>>> print(open('target.cif').read())   # mmCIF, C-alpha atoms
data_structure
loop_
_atom_site.label_atom_id
_atom_site.label_comp_id
_atom_site.auth_asym_id
_atom_site.auth_seq_id
_atom_site.Cartn_x
_atom_site.Cartn_y
_atom_site.Cartn_z
CA MET C 153 6.88 49.91 -41.86
CA SER C 154 4.85 47.85 -39.36
CA THR C 155 6.03 47.92 -35.78
CA LEU C 156 6.48 44.75 -33.72
CA VAL C 157 4.16 44.38 -30.74
CA ASP C 158 5.73 43.24 -27.49
CA PRO C 159 3.61 40.21 -26.39
CA PHE C 160 4.48 40.84 -22.72
CA LYS C 161 3.21 44.42 -22.56
CA SER C 162 0.36 44.97 -20.12
CA ASP C 163 -1.77 46.64 -22.82
CA ASN C 164 -1.61 43.53 -25.05
CA ALA C 165 -5.12 41.96 -25.11
CA ILE C 166 -3.90 38.40 -25.73
CA TYR C 167 -1.35 38.63 -22.93
CA ARG C 168 -3.94 39.98 -20.47
CA ARG C 169 -6.40 37.23 -21.38
CA ARG C 170 -3.79 34.49 -20.93
CA LEU C 171 -2.56 36.02 -17.68
CA LEU C 172 -6.13 36.10 -16.36
CA SER C 173 -6.67 32.46 -17.35
CA HIS C 174 -3.38 31.53 -15.66
CA ARG C 175 -4.32 33.29 -12.44
CA ILE C 176 -7.78 31.72 -12.41
CA GLY C 177 -6.29 28.25 -12.94
CA ILE C 178 -3.70 28.72 -10.20
CA SER C 179 -6.35 30.07 -7.80
CA LEU C 180 -8.67 27.10 -8.45
CA SER C 181 -5.77 24.67 -7.96
CA VAL C 182 -4.78 26.28 -4.67
CA CYS C 183 -8.40 26.26 -3.48
CA ALA C 184 -8.78 22.56 -4.36
CA MET C 185 -5.50 21.72 -2.61
CA THR C 186 -6.50 23.73 0.47
CA PHE C 187 -9.91 22.02 0.53
CA GLY C 188 -8.35 18.55 0.37
CA ILE C 189 -5.61 19.26 2.91
CA GLY C 190 -8.15 20.88 5.23
CA PHE C 191 -10.32 17.76 5.31
CA LEU C 192 -7.24 15.57 5.74
CA LEU C 193 -6.05 17.63 8.71
CA TRP C 194 -9.58 17.52 10.14
CA ILE C 195 -9.65 13.72 9.91
CA LEU C 196 -6.17 13.38 11.41
CA SER C 197 -6.96 15.79 14.25
CA VAL C 198 -10.13 13.88 15.17
CA LEU C 199 -8.14 10.63 15.01
CA LEU C 200 -5.39 12.02 17.24
CA ILE C 201 -7.81 13.50 19.77
CA ASN C 202 -9.79 10.27 20.13
CA GLY C 203 -6.95 7.82 19.58
CA LEU C 204 -4.32 9.22 21.92
CA GLY C 205 -6.64 8.72 24.88
CA ALA C 206 -6.69 4.97 24.21
CA ILE C 207 -2.92 4.57 23.87
CA ASP C 208 -1.49 3.00 27.02
CA ILE C 209 0.49 -0.07 28.03
CA ASP C 210 -2.67 -2.21 28.30
CA LEU C 211 -3.38 -1.61 24.61
CA PHE C 212 -0.27 -3.62 23.73
CA THR C 213 -0.32 -6.19 26.54
CA SER C 214 -4.00 -7.16 27.01
CA ASN C 215 -6.38 -9.06 24.78
CA THR C 216 -9.67 -7.67 23.52
CA PRO C 217 -12.25 -7.40 26.32
CA ALA C 218 -15.54 -9.24 26.51
CA PRO C 219 -18.75 -7.32 25.68
CA GLY C 220 -19.65 -4.85 28.42
CA SER C 221 -16.41 -5.28 30.37
CA GLU C 222 -13.88 -2.58 31.13
CA GLY C 223 -10.19 -2.40 30.29
CA GLY C 224 -8.58 -4.72 27.79
CA GLY C 225 -6.35 -4.03 24.83
CA LEU C 226 -5.52 -5.06 21.29
CA LEU C 227 -2.72 -7.58 21.80
CA ASN C 228 -4.37 -10.42 19.89
CA PRO C 229 -5.37 -8.35 16.82
CA ILE C 230 -1.94 -6.69 16.73
CA VAL C 231 -0.19 -10.08 16.76
CA GLY C 232 -2.66 -11.46 14.22
CA SER C 233 -2.13 -8.53 11.86
CA LEU C 234 1.64 -8.81 12.16
CA LEU C 235 1.51 -12.54 11.39
CA MET C 236 -0.75 -12.17 8.36
CA VAL C 237 0.93 -9.08 6.93
CA GLY C 238 4.35 -10.69 7.48
CA THR C 239 3.26 -13.90 5.76
CA ALA C 240 1.73 -11.94 2.88
CA THR C 241 4.96 -9.96 2.51
CA LEU C 242 7.01 -13.17 2.39
CA ILE C 243 4.70 -14.48 -0.34
CA SER C 244 4.35 -11.31 -2.42
CA THR C 245 7.96 -10.06 -2.32
CA PRO C 246 9.74 -12.88 -4.24
CA VAL C 247 6.78 -13.44 -6.57
CA GLY C 248 6.42 -9.72 -7.32
CA ILE C 249 10.14 -9.06 -7.77
CA PHE C 250 10.79 -11.99 -10.09
CA ALA C 251 7.65 -11.21 -12.09
CA GLY C 252 8.79 -7.59 -12.39
CA VAL C 253 12.24 -8.74 -13.56
CA TYR C 254 10.59 -10.96 -16.16
CA LEU C 255 8.42 -8.13 -17.46
CA ALA C 256 11.35 -5.70 -17.63
CA GLU C 257 13.70 -8.17 -19.34
CA TYR C 258 11.33 -10.02 -21.67
CA GLY C 259 8.28 -7.74 -21.75
CA GLN C 260 9.03 -6.30 -25.16
CA GLU C 261 9.35 -9.61 -26.98
CA SER C 262 6.80 -11.91 -25.35
CA LYS C 263 3.03 -11.88 -25.67
CA PHE C 264 2.78 -13.70 -22.37
CA ALA C 265 4.64 -10.82 -20.69
CA GLN C 266 2.25 -8.31 -22.26
CA ILE C 267 -0.73 -10.29 -20.98
CA THR C 268 0.90 -10.49 -17.54
CA ARG C 269 1.38 -6.71 -17.47
CA PHE C 270 -2.25 -6.21 -18.52
CA VAL C 271 -3.55 -8.57 -15.80
CA THR C 272 -1.30 -6.85 -13.24
CA ASP C 273 -2.79 -3.47 -14.13
CA ILE C 274 -6.29 -4.90 -13.70
CA MET C 275 -5.43 -6.37 -10.30
CA LEU C 276 -4.04 -3.00 -9.18
CA SER C 277 -7.46 -1.43 -9.63
CA ALA C 278 -9.56 -4.43 -8.60
CA PRO C 279 -11.72 -3.87 -5.47
CA SER C 280 -10.23 -5.67 -2.49
CA ILE C 281 -13.60 -7.20 -1.61
CA VAL C 282 -13.58 -9.04 -4.96
CA ILE C 283 -10.20 -10.56 -4.12
CA GLY C 284 -11.56 -11.54 -0.70
CA LEU C 285 -14.57 -13.25 -2.30
CA PHE C 286 -12.26 -15.06 -4.73
CA VAL C 287 -10.09 -16.46 -1.92
CA TYR C 288 -13.23 -17.35 0.04
CA ALA C 289 -14.60 -19.35 -2.92
CA VAL C 290 -11.29 -21.04 -3.73
CA ILE C 291 -9.91 -21.76 -0.23
CA VAL C 292 -12.32 -21.07 2.63
CA ALA C 293 -15.34 -22.73 1.02
CA ASN C 294 -13.30 -25.84 0.19
CA VAL C 295 -11.58 -26.31 3.56
CA ARG C 296 -14.80 -25.21 5.34
CA HIS C 297 -13.23 -22.88 7.86
CA PHE C 298 -11.69 -19.43 8.06
CA SER C 299 -7.97 -19.18 8.69
CA GLY C 300 -5.01 -16.84 8.92
CA TRP C 301 -3.50 -18.56 5.87
CA ALA C 302 -6.50 -17.59 3.75
CA GLY C 303 -6.26 -14.00 5.00
CA SER C 304 -2.54 -13.90 4.18
CA ILE C 305 -3.15 -15.19 0.65
CA ALA C 306 -5.92 -12.63 0.09
CA ILE C 307 -3.80 -9.63 1.05
CA ALA C 308 -0.78 -11.12 -0.74
CA LEU C 309 -2.81 -11.03 -3.96
CA ILE C 310 -3.32 -7.32 -3.33
CA ALA C 311 0.38 -6.70 -2.64
CA ILE C 312 1.81 -8.65 -5.58
CA PRO C 313 0.69 -6.23 -8.35
CA VAL C 314 2.18 -3.29 -6.44
CA VAL C 315 5.56 -5.02 -6.17
CA VAL C 316 5.44 -6.18 -9.79
CA ARG C 317 4.75 -2.75 -11.27
CA THR C 318 7.24 -0.98 -9.01
CA THR C 319 9.99 -3.48 -9.86
CA ASP C 320 9.17 -3.24 -13.56
CA ASN C 321 9.24 0.57 -13.54
CA MET C 322 12.46 0.73 -11.52
CA LEU C 323 14.27 -1.69 -13.85
CA GLN C 324 13.24 0.39 -16.86
CA LEU C 325 15.27 3.27 -15.37
CA VAL C 326 18.56 1.34 -15.55
CA PRO C 327 20.70 2.82 -18.38
CA ALA C 328 21.00 0.65 -21.47
CA SER C 329 24.76 1.20 -21.43
CA LEU C 330 25.02 -0.72 -18.15
CA ARG C 331 23.29 -3.75 -19.66
CA GLU C 332 25.36 -3.56 -22.84
CA ALA C 333 28.58 -3.42 -20.82
CA ALA C 334 27.55 -6.53 -18.89
CA PHE C 335 26.67 -8.37 -22.11
CA ALA C 336 29.99 -7.30 -23.63
CA LEU C 337 31.78 -8.97 -20.73
CA GLY C 338 30.00 -12.23 -21.51
CA ALA C 339 27.44 -12.24 -18.67
CA PRO C 340 24.34 -14.34 -19.39
CA ARG C 341 20.98 -12.60 -19.60
CA TRP C 342 19.61 -13.96 -16.34
CA LYS C 343 22.67 -12.75 -14.47
CA VAL C 344 22.44 -9.30 -16.07
CA ALA C 345 18.82 -9.07 -15.02
CA THR C 346 19.29 -10.20 -11.43
CA MET C 347 22.85 -9.23 -10.53
CA ILE C 348 23.24 -6.01 -12.53
CA ARG C 349 19.88 -4.36 -13.19
CA LEU C 350 18.14 -5.49 -10.01
CA ARG C 351 21.08 -4.61 -7.80
CA ALA C 352 21.25 -1.12 -9.35
CA VAL C 353 17.67 -0.33 -8.28
CA LYS C 354 17.43 -2.30 -5.03
CA ALA C 355 16.38 0.79 -3.06
CA GLY C 356 13.52 1.45 -5.47
CA VAL C 357 12.39 -2.18 -5.32
CA LEU C 358 12.45 -2.07 -1.52
CA THR C 359 10.31 1.07 -1.75
CA GLY C 360 7.74 -0.91 -3.74
CA VAL C 361 7.70 -3.62 -1.08
CA LEU C 362 7.14 -1.02 1.65
CA LEU C 363 4.33 0.60 -0.34
CA ALA C 364 2.72 -2.82 -0.78
CA VAL C 365 2.92 -3.45 2.97
CA ALA C 366 1.34 -0.05 3.62
CA ARG C 367 -1.36 -0.89 1.08
CA ILE C 368 -2.40 -4.14 2.76
CA SER C 369 -1.99 -3.09 6.40
CA GLY C 370 -5.43 -1.53 6.63
CA GLU C 371 -7.42 -3.87 4.38
CA THR C 372 -10.65 -5.01 6.01
CA ALA C 373 -12.93 -6.51 3.36
CA PRO C 374 -10.65 -9.41 2.27
CA LEU C 375 -10.05 -10.43 5.89
CA LEU C 376 -13.78 -10.47 6.66
CA PHE C 377 -14.19 -13.25 4.09
CA THR C 378 -11.00 -15.16 4.88
CA ALA C 379 -9.51 -14.74 8.36
CA LEU C 380 -12.71 -13.43 10.00
CA SER C 381 -11.65 -12.74 13.61
CA ASN C 382 -10.99 -14.38 16.95
CA GLN C 383 -11.74 -12.95 20.39
CA PHE C 384 -8.94 -14.98 21.95
CA PHE C 385 -5.18 -14.83 21.52
CA SER C 386 -4.02 -17.28 18.87
CA THR C 387 -0.96 -17.77 16.69
CA ASP C 388 -2.41 -20.77 14.87
CA MET C 389 -2.62 -19.66 11.24
CA ASN C 390 -4.96 -22.55 10.46
CA ARG C 391 -7.74 -21.07 12.61
CA PRO C 392 -9.75 -17.84 12.46
CA MET C 393 -7.37 -15.07 13.48
CA SER C 394 -7.95 -11.69 15.03
CA ASN C 395 -6.66 -8.67 13.12
CA LEU C 396 -6.72 -4.92 13.61
CA PRO C 397 -8.86 -3.83 10.62
CA VAL C 398 -11.72 -6.23 11.40
CA VAL C 399 -11.55 -5.53 15.16
CA ILE C 400 -11.69 -1.78 14.49
CA PHE C 401 -14.73 -2.31 12.26
CA GLN C 402 -16.50 -4.46 14.85
CA PHE C 403 -15.65 -2.28 17.84
CA ALA C 404 -16.55 0.98 16.09
CA MET C 405 -20.05 -0.41 15.33
CA SER C 406 -20.59 -1.66 18.89
CA PRO C 407 -22.67 0.08 21.60
CA TYR C 408 -19.87 -0.17 24.19
CA GLU C 409 -17.81 2.95 24.87
CA ASN C 410 -14.79 0.86 25.89
CA TRP C 411 -14.82 -0.92 22.55
CA LYS C 412 -15.18 2.37 20.68
CA SER C 413 -12.18 3.78 22.53
CA LEU C 414 -10.10 0.72 21.58
CA ALA C 415 -11.25 1.13 17.97
CA TRP C 416 -9.89 4.70 17.94
CA GLY C 417 -6.61 3.46 19.40
CA GLY C 418 -6.33 0.74 16.77
CA ALA C 419 -7.13 3.19 13.97
CA LEU C 420 -4.37 5.49 15.22
CA LEU C 421 -1.90 2.57 15.31
CA ILE C 422 -2.63 1.60 11.71
CA THR C 423 -2.51 5.23 10.54
CA MET C 424 0.85 5.87 12.19
CA SER C 425 2.24 2.59 10.84
CA VAL C 426 1.16 3.39 7.28
CA LEU C 427 2.48 6.95 7.64
CA GLY C 428 5.84 5.63 8.86
CA LEU C 429 6.08 3.18 5.94
CA ASN C 430 5.28 5.92 3.43
CA ILE C 431 7.87 8.27 4.95
CA LEU C 432 10.46 5.49 4.83
CA SER C 433 9.63 4.77 1.19
CA ARG C 434 9.98 8.47 0.32
CA LEU C 435 13.39 8.56 1.95
CA LEU C 436 14.46 5.51 -0.05
CA ILE C 437 13.20 7.12 -3.27
CA ARG C 438 15.16 10.28 -2.49
CA GLN C 439 18.26 8.17 -1.79
CA THR C 440 17.80 6.42 -5.14
CA LYS C 441 17.59 9.74 -6.99
CA THR C 442 20.67 11.17 -5.28
CA ASN C 443 22.69 8.06 -6.04
#
>>> encode(input="target.cif", output="structure tokens")
Amino acid sequence: MSTLVDPFKSDNAIYRRRLLSHRIGISLSVCAMTFGIGFLLWILSVLLINGLGAIDIDLFTSNTPAPGSEGGGLLNPIVGSLLMVGTATLISTPVGIFAGVYLAEYGQESKFAQITRFVTDIMLSAPSIVIGLFVYAVIVANVRHFSGWAGSIAIALIAIPVVVRTTDNMLQLVPASLREAAFALGAPRWKVATMIRLRAVKAGVLTGVLLAVARISGETAPLLFTALSNQFFSTDMNRPMSNLPVVIFQFAMSPYENWKSLAWGGALLITMSVLGLNILSRLLIRQTKTN
């Protein structure tokens, strides 16, 4: 009679070969993770060391200084960024949510919905500079001046696909039994989509909005072609408007040490803001899973 061979014995050649492959794969994965995290910590440490020195009350209360002058702050680019990101959020949130609801509710039975989903996927991976050039050609070139409105539209076009796909994916997680129960009670389809399905995943949809805001907060290329910048404090969205990403780019390339210090401070502000938004979105995702 033939005896059965235990596949987990240490003297089994196949087991030893697979165990060696497993250990090699795990070791390479850990090395790659350590390499990536090491560079990330290096970047963050350099940012903290150089950025913390520029953080003071003047950074939030003074406008950008003139070339060669001392002092100053980032009040005007901070206000400009808040205005443009806020406007873009107001534009992208309703458009993205309702488009996501449409895709989730009618995406399986409409060719237009399938095309919309395909275009959304393309826009998710489109370079931001291409979107900036598009808005420049459509709006800036026609009105013949840069403006905060053009900058808001450019970054809104970047945020909309993020909100659309997140809303679509969240709505797909709603159990079919919940929809069927609502239909059985006589609720119309539009009410099931908006009052039942959307309400059930509101935390996940809000997470998508926060991720979109984090995505557009540090965009520079679209704003270079649309909002440009403004050395002076301005809340007029119909004029060129200062913003943190462009100011950081300009100040970091300048020969003035004061400007470079402000650029480090602005970079730290954007990094901490994006980090805070991502942490908040993770907490909302965890809350959605626990509920």
>>> atom_distance(input="target.cif", atom1="atom CA of Gly259 of chain C", atom2="atom CA of Gly238 of chain C")
29.6 Å
>>> atom_distance(input="target.cif", atom1="atom CA of Phe298 of chain C", atom2="atom CA of Thr378 of chain C")
5.4 Å
>>> atom_distance(input="target.cif", atom1="atom CA of Asn430 of chain C", atom2="atom CA of Ile178 of chain C")
28.0 Å
>>> resolve_selection(input="target.cif", expression="the PyMOL selection byres ((chain C and resi 211) around 9)", output="mmCIF file with C-alpha atoms, in the coordinates of the input")
data_model
loop_
_atom_site.group_PDB
_atom_site.id
_atom_site.type_symbol
_atom_site.label_atom_id
_atom_site.label_comp_id
_atom_site.auth_asym_id
_atom_site.auth_seq_id
_atom_site.Cartn_x
_atom_site.Cartn_y
_atom_site.Cartn_z
ATOM 1 C CA ALA C 206 -6.690 4.970 24.210
ATOM 2 C CA ILE C 207 -2.920 4.570 23.870
ATOM 3 C CA ASP C 208 -1.490 3.000 27.020
ATOM 4 C CA ILE C 209 0.490 -0.070 28.030
ATOM 5 C CA ASP C 210 -2.670 -2.210 28.300
ATOM 6 C CA PHE C 212 -0.270 -3.620 23.730
ATOM 7 C CA THR C 213 -0.320 -6.190 26.540
ATOM 8 C CA SER C 214 -4.000 -7.160 27.010
ATOM 9 C CA ASN C 215 -6.380 -9.060 24.780
ATOM 10 C CA THR C 216 -9.670 -7.670 23.520
ATOM 11 C CA GLY C 223 -10.190 -2.400 30.290
ATOM 12 C CA GLY C 224 -8.580 -4.720 27.790
ATOM 13 C CA GLY C 225 -6.350 -4.030 24.830
ATOM 14 C CA LEU C 226 -5.520 -5.060 21.290
ATOM 15 C CA LEU C 227 -2.720 -7.580 21.800
ATOM 16 C CA LEU C 414 -10.100 0.720 21.580
ATOM 17 C CA GLY C 417 -6.610 3.460 19.400
ATOM 18 C CA GLY C 418 -6.330 0.740 16.770
#
>>> closest_residue(input="target.cif", among="C:Val357, C:Val399, C:Ala218, C:Ile348", to="Ser329 of chain C", atoms="all atoms listed in the file")
C:Ile348
>>> resolve_selection(input="target.cif", expression="the PyMOL selection byres ((chain C and resi 321) around 12)", output="JSON, numbers by chain")
{"C": [249, 251, 252, 253, 254, 255, 256, 257, 259, 269, 314, 315, 316, 317, 318, 319, 320, 322, 323, 324, 325, 326, 349, 350, 353, 356, 357, 359, 360]}
>>> residues_around(input="target.cif", residues="Pro392 of chain C", least_positions_apart="5", cutoff="9 Å", atoms="only C-alpha atoms", output="PyMOL selection string")
chain C and resi 297-300+378-382+386
>>> residues_around(input="target.cif", residues="Ile400 of chain C", least_positions_apart="3", cutoff="8 Å", atoms="only C-alpha atoms", output="PDB file with C-alpha atoms, in the frame of the given file")
ATOM      1  CA  LEU C 396      -6.720  -4.920  13.610  1.00  0.00           C
ATOM      2  CA  PRO C 397      -8.860  -3.830  10.620  1.00  0.00           C
ATOM      3  CA  PHE C 403     -15.650  -2.280  17.840  1.00  0.00           C
ATOM      4  CA  ALA C 404     -16.550   0.980  16.090  1.00  0.00           C
ATOM      5  CA  LEU C 414     -10.100   0.720  21.580  1.00  0.00           C
ATOM      6  CA  ALA C 415     -11.250   1.130  17.970  1.00  0.00           C
ATOM      7  CA  TRP C 416      -9.890   4.700  17.940  1.00  0.00           C
ATOM      8  CA  GLY C 418      -6.330   0.740  16.770  1.00  0.00           C
ATOM      9  CA  ALA C 419      -7.130   3.190  13.970  1.00  0.00           C
TER      10      ALA C 419
END
>>> closest_residue(input="target.cif", among="C:Met393, C:Ala293, C:Leu196, C:Ser304", to="Leu427 of chain C", atoms="all atoms listed in the file")
C:Leu196
>>> axis_aligned_box(input="target.cif", around="segment 172-187 of chain C", padding_each_side="6 Å", output="AutoDock Vina command-line options")
--center_x -6.6 --center_y 28.9 --center_z -8.4 --size_x 18.5 --size_y 26.4 --size_z 29.9
>>> resolve_selection(input="target.cif", expression="the PyMOL selection byres ((chain C and resi 424-426) around 9)", output="ChimeraX atom specification")
/C:363,365-367,369-370,419-423,427-431
>>> closest_residue(input="target.cif", among="C:Ile307, C:Leu435, C:Ile176, C:Met185", to="Ala355 of chain C", atoms="all atoms listed in the file")
C:Leu435
>>> closest_residue(input="target.cif", among="C:Asn390, C:Ser277, C:Gln383, C:Thr241", to="Leu358 of chain C", atoms="all atoms listed in the file")
C:Thr241
